[in-house]
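Pasted below: final.txt, compact mmCIF, C-alpha atoms.
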# COMPACT_ATOMS: atom_id res chain seq x y z
CA ASP A 13 -16.69 -24.27 7.10
CA ALA A 14 -19.18 -22.64 4.74
CA GLY A 15 -18.38 -19.22 6.09
CA VAL A 16 -20.87 -16.72 7.42
CA ILE A 17 -24.32 -17.57 6.11
CA GLN A 18 -27.02 -14.96 5.67
CA SER A 19 -30.63 -15.25 4.66
CA PRO A 20 -32.53 -14.16 2.75
CA ARG A 21 -30.14 -13.11 -0.01
CA HIS A 22 -32.76 -10.84 -1.51
CA GLU A 23 -35.97 -9.44 -0.12
CA VAL A 24 -38.49 -7.04 -1.54
CA THR A 25 -41.17 -5.90 0.86
CA GLU A 26 -43.77 -3.21 1.18
CA MET A 27 -43.38 -0.23 3.45
CA GLY A 28 -44.71 -0.97 6.90
CA GLN A 29 -43.98 -4.66 6.81
CA GLU A 30 -41.68 -6.40 9.25
CA VAL A 31 -38.34 -7.60 7.90
CA THR A 32 -36.18 -10.21 9.59
CA LEU A 33 -32.64 -10.88 8.42
CA ARG A 34 -30.74 -13.89 9.67
CA CYS A 35 -27.11 -14.72 10.18
CA LYS A 36 -25.17 -17.83 11.08
CA PRO A 37 -21.60 -16.98 12.07
CA ILE A 38 -18.58 -19.16 11.52
CA SER A 39 -18.48 -21.89 14.12
CA GLY A 40 -16.19 -20.99 17.01
CA HIS A 41 -16.24 -17.26 16.37
CA ASN A 42 -17.19 -15.24 19.43
CA SER A 43 -18.05 -11.89 17.87
CA LEU A 44 -20.81 -11.03 15.42
CA PHE A 45 -21.38 -7.77 13.59
CA TRP A 46 -24.22 -6.31 11.57
CA TYR A 47 -23.32 -3.71 8.92
CA ARG A 48 -25.45 -1.72 6.50
CA GLN A 49 -24.07 -0.75 3.12
CA THR A 50 -25.48 2.14 1.07
CA MET A 51 -24.12 4.13 -1.82
CA MET A 52 -24.15 7.35 0.16
CA ARG A 53 -22.61 6.21 3.43
CA GLY A 54 -20.71 3.07 2.54
CA LEU A 55 -20.44 0.52 5.34
CA GLU A 56 -21.90 1.44 8.69
CA LEU A 57 -21.68 -0.69 11.80
CA LEU A 58 -25.15 -1.16 13.26
CA ILE A 59 -24.45 -3.40 16.24
CA TYR A 60 -22.05 -6.02 17.40
CA PHE A 61 -22.17 -8.87 19.87
CA ASN A 62 -19.42 -10.48 21.88
CA ASN A 63 -20.20 -13.90 23.33
CA ASN A 64 -23.87 -13.34 22.40
CA VAL A 65 -24.06 -10.10 24.38
CA PRO A 66 -24.71 -6.79 22.56
CA ILE A 67 -21.67 -4.59 23.14
CA ASP A 68 -22.31 -1.53 21.01
CA ASP A 69 -25.64 -0.73 19.38
CA SER A 70 -24.98 2.97 18.89
CA GLY A 71 -25.12 2.50 15.15
CA MET A 72 -28.69 1.24 15.17
CA PRO A 73 -30.53 4.04 13.36
CA GLU A 74 -33.72 4.08 15.39
CA ASP A 75 -36.13 2.06 17.46
CA ARG A 76 -37.51 0.36 14.40
CA PHE A 77 -34.29 -1.66 14.30
CA SER A 78 -33.55 -4.44 16.75
CA ALA A 79 -31.05 -7.28 16.85
CA LYS A 80 -30.80 -10.45 18.88
CA MET A 81 -28.32 -13.23 19.33
CA PRO A 82 -30.03 -16.01 21.26
CA ASN A 83 -27.07 -18.37 20.91
CA ALA A 84 -23.58 -18.53 19.49
CA SER A 85 -24.73 -19.79 16.12
CA PHE A 86 -27.58 -17.48 15.22
CA SER A 87 -28.48 -13.81 15.09
CA THR A 88 -31.35 -11.77 13.68
CA LEU A 89 -31.74 -8.18 12.62
CA LYS A 90 -35.33 -7.02 12.56
CA ILE A 91 -36.85 -3.89 11.09
CA GLN A 92 -40.40 -3.11 12.13
CA PRO A 93 -42.00 -1.25 10.45
CA SER A 94 -39.79 -1.04 7.39
CA GLU A 95 -39.45 2.15 5.34
CA PRO A 96 -38.10 2.79 1.82
CA ARG A 97 -34.98 4.48 3.26
CA ASP A 98 -34.06 1.15 4.87
CA SER A 99 -33.30 -0.24 1.43
CA ALA A 100 -29.67 -1.33 1.54
CA VAL A 101 -27.43 -4.34 1.69
CA TYR A 102 -27.10 -5.72 5.19
CA PHE A 103 -23.94 -7.64 5.96
CA CYS A 104 -23.24 -9.91 8.84
CA ALA A 105 -19.66 -10.62 9.87
CA SER A 106 -18.05 -12.77 12.52
CA SER A 107 -14.61 -12.91 14.03
CA LEU A 108 -12.47 -14.62 16.60
CA ASN A 109 -9.53 -12.27 16.56
CA PRO A 110 -10.02 -8.50 16.75
CA GLY A 111 -9.89 -7.02 13.27
CA GLN A 112 -9.99 -10.24 11.28
CA LYS A 113 -13.62 -10.29 10.23
CA TYR A 114 -15.31 -12.65 7.82
CA PHE A 115 -18.33 -11.37 5.99
CA GLY A 116 -21.44 -13.05 4.70
CA GLU A 117 -22.70 -12.46 1.18
CA GLY A 118 -25.20 -9.90 2.37
CA SER A 119 -28.96 -9.53 2.34
CA TRP A 120 -30.22 -7.18 -0.34
CA LEU A 121 -33.29 -5.41 1.02
CA THR A 122 -35.64 -3.32 -1.05
CA VAL A 123 -38.57 -1.62 0.64
CA VAL A 124 -41.15 -0.24 -1.77
CA ALA B 12 -12.38 9.94 17.68
CA GLN B 13 -11.69 7.27 15.11
CA ARG B 14 -12.26 8.15 11.52
CA VAL B 15 -11.33 6.70 8.15
CA THR B 16 -11.45 8.91 5.09
CA GLN B 17 -11.39 7.72 1.51
CA PRO B 18 -11.57 10.92 -0.51
CA GLU B 19 -12.39 9.30 -3.86
CA LYS B 20 -15.73 7.60 -4.35
CA LEU B 21 -14.86 6.63 -7.91
CA LEU B 22 -11.52 5.98 -9.57
CA SER B 23 -10.94 4.89 -13.14
CA VAL B 24 -7.61 3.83 -14.59
CA PHE B 25 -6.53 2.11 -17.78
CA LYS B 26 -5.31 -1.45 -17.72
CA GLY B 27 -1.61 -1.52 -17.08
CA ALA B 28 -1.55 1.88 -15.43
CA PRO B 29 -0.54 2.37 -11.81
CA VAL B 30 -3.32 2.73 -9.30
CA GLU B 31 -3.42 4.32 -5.86
CA LEU B 32 -6.44 4.32 -3.62
CA LYS B 33 -6.13 6.87 -0.88
CA CYS B 34 -6.95 6.33 2.76
CA ASN B 35 -6.37 8.65 5.68
CA TYR B 36 -7.21 7.91 9.27
CA SER B 37 -7.64 9.62 12.58
CA TYR B 38 -6.90 7.63 15.71
CA SER B 39 -5.33 8.52 19.02
CA GLY B 40 -3.79 5.14 19.68
CA SER B 41 -1.56 2.83 17.68
CA PRO B 42 -3.56 2.07 14.54
CA GLU B 43 -4.25 -1.28 13.00
CA LEU B 44 -5.35 -0.82 9.40
CA PHE B 45 -6.83 -3.04 6.74
CA TRP B 46 -7.96 -2.99 3.16
CA TYR B 47 -11.06 -4.97 2.23
CA VAL B 48 -12.23 -5.64 -1.31
CA GLN B 49 -15.71 -6.37 -2.59
CA TYR B 50 -16.06 -7.74 -6.09
CA SER B 51 -19.34 -7.30 -7.89
CA ARG B 52 -22.20 -8.69 -5.79
CA GLN B 53 -19.84 -10.69 -3.59
CA ARG B 54 -18.97 -10.56 0.06
CA LEU B 55 -16.27 -8.35 1.48
CA GLN B 56 -12.91 -10.03 1.69
CA LEU B 57 -9.85 -9.01 3.58
CA LEU B 58 -7.23 -7.92 1.05
CA LEU B 59 -4.37 -7.04 3.33
CA ARG B 60 -3.48 -5.74 6.76
CA HIS B 61 -0.66 -3.39 7.55
CA ILE B 62 0.93 -5.56 10.23
CA SER B 63 1.51 -8.33 7.68
CA ARG B 64 3.44 -6.08 5.32
CA GLU B 65 2.51 -8.43 2.50
CA SER B 66 1.58 -8.04 -1.13
CA ILE B 67 -1.71 -9.58 -2.18
CA LYS B 68 -2.69 -9.75 -5.86
CA GLY B 69 0.06 -7.23 -6.53
CA PHE B 70 -1.37 -4.70 -4.06
CA THR B 71 0.67 -3.16 -1.27
CA ALA B 72 -0.11 -0.59 1.39
CA ASP B 73 2.29 1.17 3.69
CA LEU B 74 1.28 2.76 6.93
CA ASN B 75 2.59 6.32 7.13
CA LYS B 76 2.05 7.53 10.67
CA GLY B 77 3.39 10.99 9.89
CA GLU B 78 0.78 11.54 7.22
CA THR B 79 -1.78 9.25 8.92
CA SER B 80 -2.26 7.46 5.65
CA PHE B 81 -2.56 3.90 4.43
CA HIS B 82 -2.81 4.21 0.67
CA LEU B 83 -3.31 1.09 -1.44
CA LYS B 84 -1.10 0.78 -4.49
CA LYS B 85 -0.57 -1.46 -7.46
CA PRO B 86 1.94 -0.74 -10.21
CA PHE B 87 -0.04 -2.27 -13.09
CA ALA B 88 -3.83 -2.44 -12.83
CA GLN B 89 -5.70 -5.43 -14.24
CA GLU B 90 -9.33 -5.63 -15.33
CA GLU B 91 -10.07 -8.12 -12.56
CA ASP B 92 -9.06 -5.47 -10.02
CA SER B 93 -12.30 -3.61 -10.71
CA ALA B 94 -14.13 -3.68 -7.39
CA MET B 95 -15.12 -1.68 -4.35
CA TYR B 96 -12.26 -1.10 -1.93
CA TYR B 97 -12.72 -0.23 1.72
CA CYS B 98 -10.07 0.99 4.09
CA ALA B 99 -10.73 0.03 7.71
CA LEU B 100 -9.32 0.89 11.11
CA ASN B 101 -9.42 -1.33 14.14
CA GLY B 102 -10.71 1.05 16.78
CA GLY B 103 -10.22 -1.27 19.69
CA ALA B 104 -12.93 -3.16 21.55
CA ASN B 105 -13.11 -5.47 18.54
CA ASN B 106 -14.65 -2.75 16.43
CA LEU B 107 -13.76 -1.95 12.83
CA PHE B 108 -14.38 1.47 11.30
CA PHE B 109 -14.75 1.56 7.55
CA GLY B 110 -14.24 4.38 5.12
CA THR B 111 -16.97 5.09 2.60
CA GLY B 112 -15.18 3.08 -0.04
CA THR B 113 -13.69 3.71 -3.46
CA ARG B 114 -15.06 2.03 -6.56
CA LEU B 115 -12.18 1.20 -8.85
CA THR B 116 -12.84 0.64 -12.53
CA VAL B 117 -10.03 -0.64 -14.71
CA ILE B 118 -10.66 0.27 -18.33
CA PRO B 119 -9.50 -2.33 -20.88

Could you render the structure as structure tokens?
Amino acid sequence: DAGVIQSPRHEVTEMGQEVTLRCKPISGHNSLFWYRQTMMRGLELLIYFNNNVPIDDSGMPEDRFSAKMPNASFSTLKIQPSEPRDSAVYFCASSLNPGQKYFGEGSWLTVV
Amino acid sequence: AQRVTQPEKLLSVFKGAPVELKCNYSYSGSPELFWYVQYSRQRLQLLLRHISRESIKGFTADLNKGETSFHLKKPFAQEEDSAMYYCALNGGANNLFFGTGTRLTVIP
């Protein structure tokens, strides 16, 4: 298995534009997580899905952020409209067992 | 409420010196704790978990319930240990709470 796959790896966009980040979890995993990493706050859980259903989205900063998981092999995190303070690395992770999470390589977002 | 505290954002040690990365937690139940490592511009990787009681790359971590700590230790730091280290707590419901991380720099 190639592991958790995220795209794009890097994105630079202008303030106000829509950003869509994508994640393909490891095949067979039933949980998927979106994390945001910043220098100030480290790793923050944004949302996680279990069996494609959102379980906890309390970490989603505001209505500009939304996440979907239409099937077991694909998830998106969308920011609309994007703002400079959204600049961060966004990680996707998947797991089968509680606690044992496998991370993607991250999507480096810069909003100018 | 669950909380993981890593008091040091930055830690520098000389090669060959002992290193200890501190982690304290707050959790009402029986904790399950992990250390993750992130090398430069790479994905997070699980380094070790307390229930395994194993040593990975020379690192060990002992869960001290009395002090609510799970410090990561290595007796002799190597340059390749330079990375970002995150302590994490399994808060139940398949959730994982991370500390803010400690960036370790091993000076040659």

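Contact shell of B:Ser23 at 7 Å (all atoms listed in the file; same-chain neighbours under 6 positions omitted): Leu115, Thr116, Val117 and Ile118 of chain B.
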
Do you have, as a Markdown table, the list of residues of chain B lying at most 6 Å from chain A, each with its nearest atom pair and that distance in Å to one decimal, counting all atoms listed in the file and ordered by chain then number?
| residue | atom | partner | partner_atom | distance |
| --- | --- | --- | --- | --- |
| B:Gln53 | CA | A:Glu117 | CA | 5.8 |
| B:Arg54 | CA | A:Glu117 | CA | 4.3 |
| B:Leu55 | CA | A:Phe115 | CA | 5.8 |
| B:Asn101 | CA | A:Gly111 | CA | 5.8 |
| B:Asn105 | CA | A:Pro110 | CA | 4.7 |
| B:Thr111 | CA | A:Gly54 | CA | 4.3 |

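Once only C-alpha atoms are considered, the residues situated within 7 Å of the file point (-40.4, -4.0, 4.7) turn out to be Thr25, Glu26, Met27, Gly28, Gln29, Glu30, Val31, Pro93, Ser94, Glu95 and Val123 of chain A.
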
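You will find atom CA of B:Ser80 at 12.4 Å from atom CA of B:Gly110.
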
key: Near-B:Glu43 list (8 Å; only C-alpha atoms; drop same-chain fewer than 4 positions) as a list in words   = Arg60, His61, Ile62, Leu100, Asn101 and Gly102 of chain B

key: Contacts of B:Thr113 within 10 Å, only C-alpha atoms, excl. fewer than 4 positions in-chain, as a list in words   =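 Once the nearby chain positions are removed, what remains is Gly54 of chain A; Gln17, Pro18, Glu19, Lys20, Leu21, Leu22, Leu32, Lys33, Cys34, Val48, Ala94, Met95, Tyr96, Tyr97 and Cys98 of chain B.
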
inquiry  = For a quick check of understanding, using all atoms listed in the file, which of A:Ser106, A:Thr88, A:Asp98, A:Gln18 has the smallest distance to A:Glu74?
reply    =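 Closest residue, counting all atoms listed in the file: A:Asp98.
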
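Our summary of the geometry notes that atom CA of A:Ala79 is positioned 28.6 Å from atom CA of B:Leu58.
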
message = So that I can check the surroundings of A:Glu23, please list as a PyMOL selection string every protein, DNA and RNA residue that reaches within 8 Å of it, counting only C-alpha atoms and ignoring chain neighbours fewer than 2 positions away.
response = chain A and resi 20-21+25+119-122
